[in-house]
Amino acid sequence: MPPADDRELNDAGGYVAALLDERWQRAWADARVFATPGEQDTDGPARYVFPSCPFTSGNAHLGHARIYSVSDAFARFRRAMGDRVLFTTGFDSFGLPSELEAIRRGITPAEWVEQCCENFRRDFTGLGASFDWERSFVTCEPQHYQWTQHLFLLLYEHDLIYRQTRHVHWCDSCQTVLAQTQAEGGVCWRCDSEVSFRPLEQWFFRATRYAAENDDNLDTLKGWDVNALGAQRSLLSRVDGVELEAATPTGARAVVFAAEPDALAQAAFVAVSPNHPQLAAWVGELEESEALRDMRSMGWRSGDRASTVEVIDTGLTATIAGIDRPLPVVVSPIVDARHGATAALGFPGVDRTDAEVGEKVGVARADEAGADGVALAVETRPARRYAITDFSVGRQRSWGAPIPIVYCDACGIVPVPKEQLPVVLPTDLRIDGTGRPLAEREDFVGTSCPSCGGPARRETDTLDCHVDAFWTWLSIAVPYADRAHSMFDHPQTARWLPVTNVIRGTDGAGFVFDQRSFTKMLRDVGLLTHIADGEPFTNQRMIGLVRFDGKKMSKHLRNTVELRAMLEQVGADVLRVAMMYAAAPKNDFHWTDEPIRFCAEWLEGLWAWAAPRARRWEALDPELRERIDGSTRLRRKLVTWCDMAQRNVTRALDAIEMKHAVEGVIALSEKLREFERRAELAFRPPAVASDPPAVSAFRPPAVASDPPAGDVTLDPLDEAALLIALRQLVRLLAPMAPHLAEELWWRCGEQRMLATLPWPEPVPRTTAPQRRRGDGVDAPVGA
């Protein structure tokens with residue numbers, strides 16, 4: 001149904017984006033056009049489109065506008081193609097970003113999150129995002145984070161989360177532990193302060209367990225783009241080589257990795273990770289030495305170099321059959337950084353890093369030590385190693401999902417029973433940046449032991465917001481009303497998962513890796529068993545970032561152009577089209593207002609030209625509406641232009657190549673104007689000075705609210721062809737500029753909203769000659 005009243009729009013005249021946006025967003029909401037199809041709706045394939053979820057740390061900006069413009073255009077297209085679409089986003093509201101913003105504003109984190117979510121919903125709706133808000137989530141809602149806690153317990157039961165004392169990345173400014181990916185370059189991802197390293201007992205996620213499976217599956221992910229696959233390979237840092245059997249200093253048999261299989265004769269030492277699971281076999285009693293304990297605790301720090309990292313010469317040697325000399329054994333965390341927790345041969349004569357390690361402990365190159373290079377008898381087998389490491393998931397901050405663990409003097413570490421979840425975070429928690437507010441709340445800390453009933457203390461670390469991101473994509477598959485009682489085994493997870501299409505920024509690779517590992521964990525503990533390969537996302541498209549002054553546009557960098565300001569300035573459709581037109585999806589968009597100005601001019605021009613012509617449709621002879629008459633060369637060209645646009649735009653939208661889709665619509669709009677100019681010239685009789693002014697054979701009634709149409713007079717068959725093509729243009733435009741398209745469609749006299757219609761087929765046409773009407777006498781075409 002069209003909006004009931006268009007008085008304001010008519011009185012305004014011209015293209016008034018704000019009125020169009022409000023009018024059609026209200027119409028879509030009133031009709032619940034974007035509601036997720038119910039279980040009884042089985043027409044068409046189920047398609048779950050998942051964009052990234054924003055942190056509640058500030059206002060929406062153009063980085064969000066780009067992701068959601070692209071993902072929304074795709075979701076609208078797939079609905080039109082007949083898919084049953086699930087499409088929404090949620091709000092990552094726990095963690096340091098929200099906490100710091102609440103401190104800055106002098107309010108509680110809960111109050112800030114509520115404000116921020118309200119602003120996000122307003123701005124994303126204002127952009128025209130076709131989200132089903134009834135499927136959204138906020139990670140700080142107890143009914144949501146009870147399942148985050150449930151997951152923690154499940155993974156803890158299966159040894160996929162464990163507790164250990166290690167040196168960890170620490171930010172003094174933020175007063176919290178950071179994962180290695182949050183401390184790249186030795187600075188905090190959040191505040192850019194220098195990161196230190198300190199020992200701390202922490203909860204760790206066993207990310208390494210699924211490294212090989214995650215790697216193997218990359219070759220099967222045919223629906224992932226090059227950026228997405230490349231980002232996963234970069235995270236894994238896979239090294240191919242060979243494995244050899246060695247005799248350790250204690251006489252045990254062990255495996256050694258060689259990254260230089262063609263240089264085995266030049267092997268000069270064995271480097272062992274201090275976190276090697278069989279370290280004792282390599283170093284014997286030295287395993288308990290203070291030096292090795294400190295090294296294990298320190299680990300590999302982001303930013304370390306081989307020339308500065310510690311190396312311990314054990315004074316022990318190992319032997320490998322086929323290599324005619326014993327090899328010194330050294331221990332260093334540089335092995336973790338390059339190959340993971342393993343043992344690896346060092347090749348100082350081939351590898352620069354190995355040369356620096358060898359120099360630190362006085363190990364000579366093999367050729368300098370007089371080795372004759374006899375290595376032909378060495379038995380090897382192909383092997384690979386990964387540099388990825390387990391990472392900490394606990395944070396020393398107060399705004400996060402409480403870790404469901406209690407400490408009892410009698411029983412030790414005791415998990416909270418699942419039936420007692422959620423462990424609720426106090427919503428009135430006030431944080432000012434000093435101390436540890438949660439640890440100081442006796443009403444939270446004091447509890448009883450679930451095992452013996454005696455006094456106990458709750459864990460006062462909270463889960464990092466990245467743990468929430470492990471499974472936010474899954475929660476959307478479950479109806480909101482059911483989430484309090486059912487989640488991972490809910491029947492709708494089988495309907496919607498794996499996610500059909502993920503559309504996110506290129507900065508989300510770390511989240512994706514963790515989500516892939518997490519899905520495999522759920523599969524292995526008996527949940528999501530229908531996802532046999534453990535891959536949560538069938539297709540993934542990574543969208544380039546919006547950059548400002550050379551840096552990623554980001555709230556915490558305070559370099560954003562806010563979405564709300566741009567909507568107020570140019571309207572939703574101009575912004576959407578500009579975000580798609582500015583750069584190919586895989587490329588970054590370095591912010592400039594040139595695409596905004598170009599797209600504003602184009603859409604305003606399109607409106608001025610198309611709006612009055614759309615009104616003519618209702619006045620058109622019904623017999624002429626059915627198809628384009630193809631009896632003239634010009635009309636056949638028009639059909640060709642329409643067919644080309646329909647093919648190109650369809651192909652581009654399906655491939656999420658939105659720049660090409662916009663270009664296809666722009667090209668068609670220009671061809672329609674060209675057709676009109678040429679058709680008018682062909683129909684207009686030659687001017688003769690003595691002749692009286694010509695009387696137009698067809699002139700539609702003027703509409704006061706429309707831009708002036710000019711003195712355009714066409715043959716009725718050309719007029720019909722133009723209007724049929726215009727309607728095709730409007731339908732092709734709808735995923736990119738939905739508000740303008742809906743308005744033009746309604747002005748054609750249509751009662752059904754474009755958002756509810758199927759995708760257009762090629763325009764109907766006929767090549768059989770038709771007769772045209774003229775003053776009551778039928779005349780043959782061309783007469």
# chains A, B, ... in the order shown; residues from 1 in each chain; ligands from 1
call {"tool": "residues_around", "arguments": {"residues": "A:Ala281", "least_positions_apart": "5", "cutoff": "9 Å", "atoms": "only C-alpha atoms", "output": "ChimeraX atom specification"}}
result
/A:248-254
call {"tool": "write_last_selection", "arguments": {"atoms": "C-alpha atoms", "output": "PDB file, in the first residue's frame"}}
result
ATOM      1  CA  THR A 248      66.291 -36.222  22.050  1.00  0.00           C
ATOM      2  CA  PRO A 249      68.998 -35.631  24.665  1.00  0.00           C
ATOM      3  CA  THR A 250      67.034 -37.861  27.076  1.00  0.00           C
ATOM      4  CA  GLY A 251      66.925 -40.719  24.535  1.00  0.00           C
ATOM      5  CA  ALA A 252      63.265 -40.287  23.637  1.00  0.00           C
ATOM      6  CA  ARG A 253      62.022 -40.377  20.076  1.00  0.00           C
ATOM      7  CA  ALA A 254      60.568 -37.070  18.915  1.00  0.00           C
TER       8      ALA A 254
END
call {"tool": "select_by_dssp", "arguments": {"residues": "stretch 481-719 of chain A", "states": "helix (DSSP H, G or I)", "output": "VMD selection string"}}
result
chain A and resid 481 to 482 492 to 496 506 to 524 563 to 570 572 to 581 594 to 619 622 to 624 633 to 654 658 to 683 716 to 719
call {"tool": "write_last_selection", "arguments": {"atoms": "C-alpha atoms", "output": "tab-separated table (two decimals), in the first residue's frame"}}
result
chain	number	residue	atom	x	y	z
A	481	ALA	CA	11.24	-14.73	22.33
A	482	ASP	CA	12.91	-18.16	22.49
A	492	GLN	CA	15.87	-22.83	13.66
A	493	THR	CA	19.64	-23.11	13.78
A	494	ALA	CA	19.30	-25.96	11.28
A	495	ARG	CA	17.10	-23.77	9.10
A	496	TRP	CA	19.37	-20.74	8.90
A	506	THR	CA	38.54	-6.31	5.85
A	507	ASP	CA	39.49	-5.63	9.48
A	508	GLY	CA	37.37	-8.56	10.71
A	509	ALA	CA	39.66	-11.47	9.79
A	510	GLY	CA	40.52	-12.29	13.42
A	511	PHE	CA	36.86	-12.51	14.37
A	512	VAL	CA	36.23	-14.82	11.42
A	513	PHE	CA	39.03	-17.21	12.43
A	514	ASP	CA	37.70	-17.44	15.98
A	515	GLN	CA	34.14	-17.97	14.73
A	516	ARG	CA	35.33	-20.79	12.49
A	517	SER	CA	37.17	-22.47	15.38
A	518	PHE	CA	34.22	-21.98	17.68
A	519	THR	CA	31.82	-23.66	15.24
A	520	LYS	CA	34.07	-26.71	15.06
A	521	MET	CA	34.16	-26.84	18.85
A	522	LEU	CA	30.35	-26.82	19.00
A	523	ARG	CA	30.24	-29.57	16.41
A	524	ASP	CA	32.69	-31.68	18.38
A	563	LEU	CA	26.24	8.90	9.43
A	564	ARG	CA	23.49	11.05	10.97
A	565	ALA	CA	25.07	14.27	9.68
A	566	MET	CA	25.35	12.89	6.15
A	567	LEU	CA	21.76	11.65	6.17
A	568	GLU	CA	20.58	15.09	7.18
A	569	GLN	CA	22.72	16.69	4.50
A	570	VAL	CA	22.05	14.52	1.44
A	572	ALA	CA	19.66	8.07	2.46
A	573	ASP	CA	19.67	7.24	-1.25
A	574	VAL	CA	22.43	9.66	-2.22
A	575	LEU	CA	24.61	8.32	0.60
A	576	ARG	CA	23.85	4.67	-0.20
A	577	VAL	CA	24.56	5.04	-3.90
A	578	ALA	CA	27.72	7.05	-3.22
A	579	MET	CA	29.04	4.40	-0.82
A	580	MET	CA	28.55	1.76	-3.51
A	581	TYR	CA	29.77	3.85	-6.42
A	594	GLU	CA	33.25	13.78	-4.81
A	595	PRO	CA	31.13	10.59	-4.98
A	596	ILE	CA	28.52	12.30	-2.78
A	597	ARG	CA	28.34	15.31	-5.08
A	598	PHE	CA	28.22	13.19	-8.24
A	599	CYS	CA	25.50	10.84	-6.93
A	600	ALA	CA	23.46	13.74	-5.56
A	601	GLU	CA	23.52	15.44	-8.94
A	602	TRP	CA	22.61	12.20	-10.74
A	603	LEU	CA	19.71	11.27	-8.44
A	604	GLU	CA	18.32	14.81	-8.43
A	605	GLY	CA	18.51	14.84	-12.21
A	606	LEU	CA	16.89	11.43	-12.43
A	607	TRP	CA	14.06	12.59	-10.18
A	608	ALA	CA	13.50	15.75	-12.20
A	609	TRP	CA	13.31	13.74	-15.41
A	610	ALA	CA	11.52	10.58	-14.23
A	611	ALA	CA	8.90	11.87	-11.77
A	612	PRO	CA	6.64	13.64	-14.31
A	613	ARG	CA	7.00	10.80	-16.81
A	614	ALA	CA	6.03	8.22	-14.21
A	615	ARG	CA	2.73	10.06	-13.79
A	616	ARG	CA	1.97	9.44	-17.48
A	617	TRP	CA	1.73	5.69	-17.00
A	618	GLU	CA	-1.85	5.77	-15.77
A	619	ALA	CA	-2.90	7.86	-18.78
A	622	PRO	CA	-3.76	-0.18	-21.48
A	623	GLU	CA	-3.13	-2.02	-24.74
A	624	LEU	CA	0.22	-0.29	-25.10
A	633	ARG	CA	15.12	0.26	-35.09
A	634	LEU	CA	15.14	2.81	-32.28
A	635	ARG	CA	12.69	0.85	-30.13
A	636	ARG	CA	14.65	-2.34	-30.79
A	637	LYS	CA	17.73	-0.49	-29.53
A	638	LEU	CA	15.80	0.49	-26.43
A	639	VAL	CA	14.94	-3.17	-25.81
A	640	THR	CA	18.62	-4.08	-26.22
A	641	TRP	CA	19.66	-1.38	-23.75
A	642	CYS	CA	17.09	-2.58	-21.21
A	643	ASP	CA	18.11	-6.21	-21.61
A	644	MET	CA	21.78	-5.36	-21.24
A	645	ALA	CA	21.10	-3.37	-18.08
A	646	GLN	CA	18.92	-6.12	-16.62
A	647	ARG	CA	21.66	-8.72	-17.21
A	648	ASN	CA	24.51	-6.54	-15.97
A	649	VAL	CA	22.76	-5.24	-12.85
A	650	THR	CA	21.48	-8.71	-11.95
A	651	ARG	CA	24.94	-10.22	-12.37
A	652	ALA	CA	26.60	-7.42	-10.38
A	653	LEU	CA	24.14	-7.57	-7.47
A	654	ASP	CA	24.43	-11.34	-7.29
A	658	MET	CA	27.70	-2.90	-6.21
A	659	LYS	CA	29.80	-0.35	-8.08
A	660	HIS	CA	29.05	-2.18	-11.33
A	661	ALA	CA	25.36	-2.38	-10.40
A	662	VAL	CA	25.17	1.39	-9.91
A	663	GLU	CA	27.05	1.97	-13.16
A	664	GLY	CA	24.57	-0.24	-14.99
A	665	VAL	CA	21.60	1.76	-13.75
A	666	ILE	CA	23.28	5.08	-14.52
A	667	ALA	CA	24.04	3.89	-18.05
A	668	LEU	CA	20.42	2.83	-18.61
A	669	SER	CA	19.10	6.17	-17.35
A	670	GLU	CA	21.28	7.94	-19.92
A	671	LYS	CA	20.05	5.63	-22.69
A	672	LEU	CA	16.43	6.36	-21.81
A	673	ARG	CA	17.03	10.07	-22.18
A	674	GLU	CA	18.82	9.45	-25.45
A	675	PHE	CA	15.87	7.41	-26.68
A	676	GLU	CA	13.45	10.18	-25.76
A	677	ARG	CA	15.49	12.83	-27.58
A	678	ARG	CA	15.80	10.75	-30.72
A	679	ALA	CA	12.17	9.66	-30.66
A	680	GLU	CA	11.03	13.25	-30.28
A	681	LEU	CA	13.17	14.37	-33.21
A	682	ALA	CA	11.82	11.55	-35.35
A	683	PHE	CA	8.19	12.38	-34.50
A	716	PRO	CA	2.30	6.83	-28.78
A	717	LEU	CA	4.29	3.64	-29.37
A	718	ASP	CA	7.54	5.43	-28.47
A	719	GLU	CA	5.85	6.95	-25.43
call {"tool": "closest_residue", "arguments": {"among": "A:Ser71, A:Ser486, A:Ser93, A:Asn217", "to": "A:Glu657", "atoms": "only C-alpha atoms"}}
result
A:Ser71
call {"tool": "closest_residue", "arguments": {"among": "A:Glu245, A:Trp24, A:Phe347, A:Phe589", "to": "A:Trp745", "atoms": "only C-alpha atoms"}}
result
A:Trp24
call {"tool": "atom_distance", "arguments": {"atom1": "atom CA of A:Glu356", "atom2": "atom CA of A:Ala258"}}
result
17.2 Å
call {"tool": "residues_around", "arguments": {"residues": "A:Gln164", "least_positions_apart": "4", "cutoff": "9 Å", "atoms": "only C-alpha atoms", "output": "ChimeraX atom specification"}}
result
/A:200-204
call {"tool": "residues_around", "arguments": {"residues": "A:Ala102", "least_positions_apart": "3", "cutoff": "9 Å", "atoms": "only C-alpha atoms", "output": "ChimeraX atom specification"}}
result
/A:57,97-99,105-113,431-432
call {"tool": "closest_residue", "arguments": {"among": "A:Phe488, A:Pro536, A:Pro426, A:Leu744", "to": "A:Val730", "atoms": "only C-alpha atoms"}}
result
A:Leu744
call {"tool": "select_by_dssp", "arguments": {"residues": "stretch 137-247 of chain A", "states": "strand (DSSP E)", "output": "ChimeraX atom specification"}}
result
/A:161-171,176-178,196-205,223-224,239-247
call {"tool": "write_last_selection", "arguments": {"atoms": "C-alpha atoms", "output": "PDB file, in the first residue's frame"}}
result
ATOM      1  CA  ILE A 161      39.440 -23.149  27.687  1.00  0.00           C
ATOM      2  CA  TYR A 162      42.125 -23.474  30.353  1.00  0.00           C
ATOM      3  CA  ARG A 163      43.815 -21.380  33.056  1.00  0.00           C
ATOM      4  CA  GLN A 164      47.543 -20.682  33.107  1.00  0.00           C
ATOM      5  CA  THR A 165      50.049 -18.109  34.341  1.00  0.00           C
ATOM      6  CA  ARG A 166      51.820 -16.359  31.500  1.00  0.00           C
ATOM      7  CA  HIS A 167      53.322 -13.048  30.662  1.00  0.00           C
ATOM      8  CA  VAL A 168      50.613 -11.259  28.753  1.00  0.00           C
ATOM      9  CA  HIS A 169      50.292  -7.985  26.841  1.00  0.00           C
ATOM     10  CA  TRP A 170      49.182  -5.308  29.270  1.00  0.00           C
ATOM     11  CA  CYS A 171      47.981  -1.757  28.669  1.00  0.00           C
ATOM     12  CA  THR A 176      43.699  -4.660  31.062  1.00  0.00           C
ATOM     13  CA  VAL A 177      45.217  -7.635  29.286  1.00  0.00           C
ATOM     14  CA  LEU A 178      45.262  -7.554  25.483  1.00  0.00           C
ATOM     15  CA  SER A 196      54.070  -3.767  28.468  1.00  0.00           C
ATOM     16  CA  PHE A 197      54.463  -7.448  29.350  1.00  0.00           C
ATOM     17  CA  ARG A 198      53.667  -8.848  32.783  1.00  0.00           C
ATOM     18  CA  PRO A 199      52.952 -12.241  34.390  1.00  0.00           C
ATOM     19  CA  LEU A 200      49.299 -12.954  35.130  1.00  0.00           C
ATOM     20  CA  GLU A 201      47.132 -15.993  35.686  1.00  0.00           C
ATOM     21  CA  GLN A 202      44.625 -15.959  32.848  1.00  0.00           C
ATOM     22  CA  TRP A 203      41.956 -17.926  31.034  1.00  0.00           C
ATOM     23  CA  PHE A 204      43.072 -19.020  27.560  1.00  0.00           C
ATOM     24  CA  PHE A 205      41.179 -20.163  24.474  1.00  0.00           C
ATOM     25  CA  GLY A 223      32.076 -18.784  -1.992  1.00  0.00           C
ATOM     26  CA  TRP A 224      34.765 -16.739  -0.190  1.00  0.00           C
ATOM     27  CA  VAL A 239      54.918 -22.869   6.887  1.00  0.00           C
ATOM     28  CA  ASP A 240      55.368 -25.960   4.706  1.00  0.00           C
ATOM     29  CA  GLY A 241      58.290 -28.266   5.222  1.00  0.00           C
ATOM     30  CA  VAL A 242      59.068 -31.802   6.380  1.00  0.00           C
ATOM     31  CA  GLU A 243      59.183 -33.774   9.619  1.00  0.00           C
ATOM     32  CA  LEU A 244      62.093 -35.913  10.736  1.00  0.00           C
ATOM     33  CA  GLU A 245      62.512 -38.436  13.537  1.00  0.00           C
ATOM     34  CA  ALA A 246      65.077 -37.414  16.119  1.00  0.00           C
ATOM     35  CA  ALA A 247      66.580 -38.801  19.281  1.00  0.00           C
TER      36      ALA A 247
END
call {"tool": "residues_around", "arguments": {"residues": "A:Glu742", "least_positions_apart": "2", "cutoff": "12 Å", "atoms": "only C-alpha atoms", "output": "VMD selection string"}}
result
chain A and resid 1 to 3 20 to 21 23 to 25 27 to 28 128 573 607 611 614 727 729 to 740 744 to 757
call {"tool": "atom_distance", "arguments": {"atom1": "atom CA of A:Ala129", "atom2": "atom CA of A:Thr538"}}
result
22.5 Å
call {"tool": "closest_residue", "arguments": {"among": "A:Ile656, A:Ala532, A:Leu286, A:Leu726", "to": "A:Lys586", "atoms": "only C-alpha atoms"}}
result
A:Ile656
call {"tool": "closest_residue", "arguments": {"among": "A:Gly394, A:Phe94, A:Gly534, A:Ile334", "to": "A:Tyr210", "atoms": "only C-alpha atoms"}}
result
A:Gly534
call {"tool": "decode", "arguments": {"residues": "stretch 610-620 of chain A", "atoms": "all heavy atoms", "output": "PDB file, in the first residue's frame"}}
result
ATOM      1  N   ALA A 610      12.377  11.767 -14.298  1.00  0.00           N
ATOM      2  CA  ALA A 610      11.515  10.583 -14.235  1.00  0.00           C
ATOM      3  C   ALA A 610      10.180  10.829 -13.556  1.00  0.00           C
ATOM      4  O   ALA A 610       9.173  10.202 -13.917  1.00  0.00           O
ATOM      5  CB  ALA A 610      12.252   9.456 -13.514  1.00  0.00           C
ATOM      6  N   ALA A 611      10.140  11.717 -12.547  1.00  0.00           N
ATOM      7  CA  ALA A 611       8.902  11.872 -11.775  1.00  0.00           C
ATOM      8  C   ALA A 611       7.711  12.271 -12.636  1.00  0.00           C
ATOM      9  O   ALA A 611       6.642  11.643 -12.549  1.00  0.00           O
ATOM     10  CB  ALA A 611       9.118  12.867 -10.634  1.00  0.00           C
ATOM     11  N   PRO A 612       7.807  13.292 -13.504  1.00  0.00           N
ATOM     12  CA  PRO A 612       6.640  13.638 -14.315  1.00  0.00           C
ATOM     13  C   PRO A 612       6.293  12.569 -15.340  1.00  0.00           C
ATOM     14  O   PRO A 612       5.115  12.386 -15.678  1.00  0.00           O
ATOM     15  CB  PRO A 612       7.050  14.950 -14.991  1.00  0.00           C
ATOM     16  CG  PRO A 612       8.532  14.952 -14.980  1.00  0.00           C
ATOM     17  CD  PRO A 612       8.924  14.245 -13.723  1.00  0.00           C
ATOM     18  N   ARG A 613       7.275  11.853 -15.828  1.00  0.00           N
ATOM     19  CA  ARG A 613       7.003  10.803 -16.810  1.00  0.00           C
ATOM     20  C   ARG A 613       6.328   9.613 -16.162  1.00  0.00           C
ATOM     21  O   ARG A 613       5.487   8.943 -16.771  1.00  0.00           O
ATOM     22  CB  ARG A 613       8.303  10.410 -17.507  1.00  0.00           C
ATOM     23  CG  ARG A 613       8.770  11.489 -18.486  1.00  0.00           C
ATOM     24  CD  ARG A 613      10.264  11.475 -18.748  1.00  0.00           C
ATOM     25  NE  ARG A 613      10.636  12.551 -19.659  1.00  0.00           N
ATOM     26  CZ  ARG A 613      10.789  13.815 -19.286  1.00  0.00           C
ATOM     27  NH1 ARG A 613      10.614  14.168 -18.014  1.00  0.00           N
ATOM     28  NH2 ARG A 613      11.124  14.745 -20.180  1.00  0.00           N
ATOM     29  N   ALA A 614       6.700   9.318 -14.911  1.00  0.00           N
ATOM     30  CA  ALA A 614       6.031   8.217 -14.209  1.00  0.00           C
ATOM     31  C   ALA A 614       4.540   8.463 -14.086  1.00  0.00           C
ATOM     32  O   ALA A 614       3.723   7.530 -14.165  1.00  0.00           O
ATOM     33  CB  ALA A 614       6.656   8.031 -12.829  1.00  0.00           C
ATOM     34  N   ARG A 615       4.150   9.716 -13.904  1.00  0.00           N
ATOM     35  CA  ARG A 615       2.729  10.057 -13.794  1.00  0.00           C
ATOM     36  C   ARG A 615       1.963   9.731 -15.073  1.00  0.00           C
ATOM     37  O   ARG A 615       0.752   9.554 -15.056  1.00  0.00           O
ATOM     38  CB  ARG A 615       2.580  11.544 -13.491  1.00  0.00           C
ATOM     39  CG  ARG A 615       3.043  11.986 -12.113  1.00  0.00           C
ATOM     40  CD  ARG A 615       2.119  11.540 -11.031  1.00  0.00           C
ATOM     41  NE  ARG A 615       2.343  12.279  -9.785  1.00  0.00           N
ATOM     42  CZ  ARG A 615       1.809  11.944  -8.634  1.00  0.00           C
ATOM     43  NH1 ARG A 615       1.032  10.878  -8.553  1.00  0.00           N
ATOM     44  NH2 ARG A 615       2.060  12.656  -7.549  1.00  0.00           N
ATOM     45  N   ARG A 616       2.642   9.679 -16.207  1.00  0.00           N
ATOM     46  CA  ARG A 616       1.974   9.444 -17.485  1.00  0.00           C
ATOM     47  C   ARG A 616       1.488   7.997 -17.642  1.00  0.00           C
ATOM     48  O   ARG A 616       0.681   7.715 -18.529  1.00  0.00           O
ATOM     49  CB  ARG A 616       2.927   9.771 -18.637  1.00  0.00           C
ATOM     50  CG  ARG A 616       3.367  11.215 -18.704  1.00  0.00           C
ATOM     51  CD  ARG A 616       4.371  11.387 -19.821  1.00  0.00           C
ATOM     52  NE  ARG A 616       4.849  12.756 -19.915  1.00  0.00           N
ATOM     53  CZ  ARG A 616       5.762  13.164 -20.799  1.00  0.00           C
ATOM     54  NH1 ARG A 616       6.281  12.300 -21.634  1.00  0.00           N
ATOM     55  NH2 ARG A 616       6.143  14.435 -20.817  1.00  0.00           N
ATOM     56  N   TRP A 617       2.047   7.101 -16.811  1.00  0.00           N
ATOM     57  CA  TRP A 617       1.729   5.690 -16.998  1.00  0.00           C
ATOM     58  C   TRP A 617       0.227   5.429 -16.907  1.00  0.00           C
ATOM     59  O   TRP A 617      -0.334   4.673 -17.706  1.00  0.00           O
ATOM     60  CB  TRP A 617       2.485   4.850 -15.965  1.00  0.00           C
ATOM     61  CG  TRP A 617       2.197   3.381 -16.065  1.00  0.00           C
ATOM     62  CD1 TRP A 617       1.386   2.647 -15.256  1.00  0.00           C
ATOM     63  CD2 TRP A 617       2.730   2.483 -17.034  1.00  0.00           C
ATOM     64  NE1 TRP A 617       1.370   1.335 -15.645  1.00  0.00           N
ATOM     65  CE2 TRP A 617       2.198   1.202 -16.747  1.00  0.00           C
ATOM     66  CE3 TRP A 617       3.600   2.618 -18.108  1.00  0.00           C
ATOM     67  CZ2 TRP A 617       2.511   0.080 -17.497  1.00  0.00           C
ATOM     68  CZ3 TRP A 617       3.920   1.499 -18.865  1.00  0.00           C
ATOM     69  CH2 TRP A 617       3.376   0.255 -18.556  1.00  0.00           C
ATOM     70  N   GLU A 618      -0.427   6.027 -15.948  1.00  0.00           N
ATOM     71  CA  GLU A 618      -1.854   5.772 -15.766  1.00  0.00           C
ATOM     72  C   GLU A 618      -2.678   6.293 -16.936  1.00  0.00           C
ATOM     73  O   GLU A 618      -3.770   5.784 -17.206  1.00  0.00           O
ATOM     74  CB  GLU A 618      -2.330   6.403 -14.458  1.00  0.00           C
ATOM     75  CG  GLU A 618      -1.818   5.684 -13.226  1.00  0.00           C
ATOM     76  CD  GLU A 618      -2.473   6.183 -11.953  1.00  0.00           C
ATOM     77  OE1 GLU A 618      -2.037   7.232 -11.446  1.00  0.00           O
ATOM     78  OE2 GLU A 618      -3.410   5.518 -11.478  1.00  0.00           O
ATOM     79  N   ALA A 619      -2.170   7.311 -17.641  1.00  0.00           N
ATOM     80  CA  ALA A 619      -2.895   7.856 -18.783  1.00  0.00           C
ATOM     81  C   ALA A 619      -2.631   7.074 -20.064  1.00  0.00           C
ATOM     82  O   ALA A 619      -3.271   7.319 -21.088  1.00  0.00           O
ATOM     83  CB  ALA A 619      -2.513   9.319 -18.981  1.00  0.00           C
ATOM     84  N   LEU A 620      -1.693   6.136 -20.003  1.00  0.00           N
ATOM     85  CA  LEU A 620      -1.318   5.375 -21.194  1.00  0.00           C
ATOM     86  C   LEU A 620      -2.392   4.353 -21.551  1.00  0.00           C
ATOM     87  O   LEU A 620      -2.993   3.730 -20.667  1.00  0.00           O
ATOM     88  CB  LEU A 620       0.024   4.671 -20.942  1.00  0.00           C
ATOM     89  CG  LEU A 620       0.725   4.028 -22.135  1.00  0.00           C
ATOM     90  CD1 LEU A 620       1.140   5.091 -23.147  1.00  0.00           C
ATOM     91  CD2 LEU A 620       1.937   3.239 -21.661  1.00  0.00           C
TER      92      LEU A 620
END
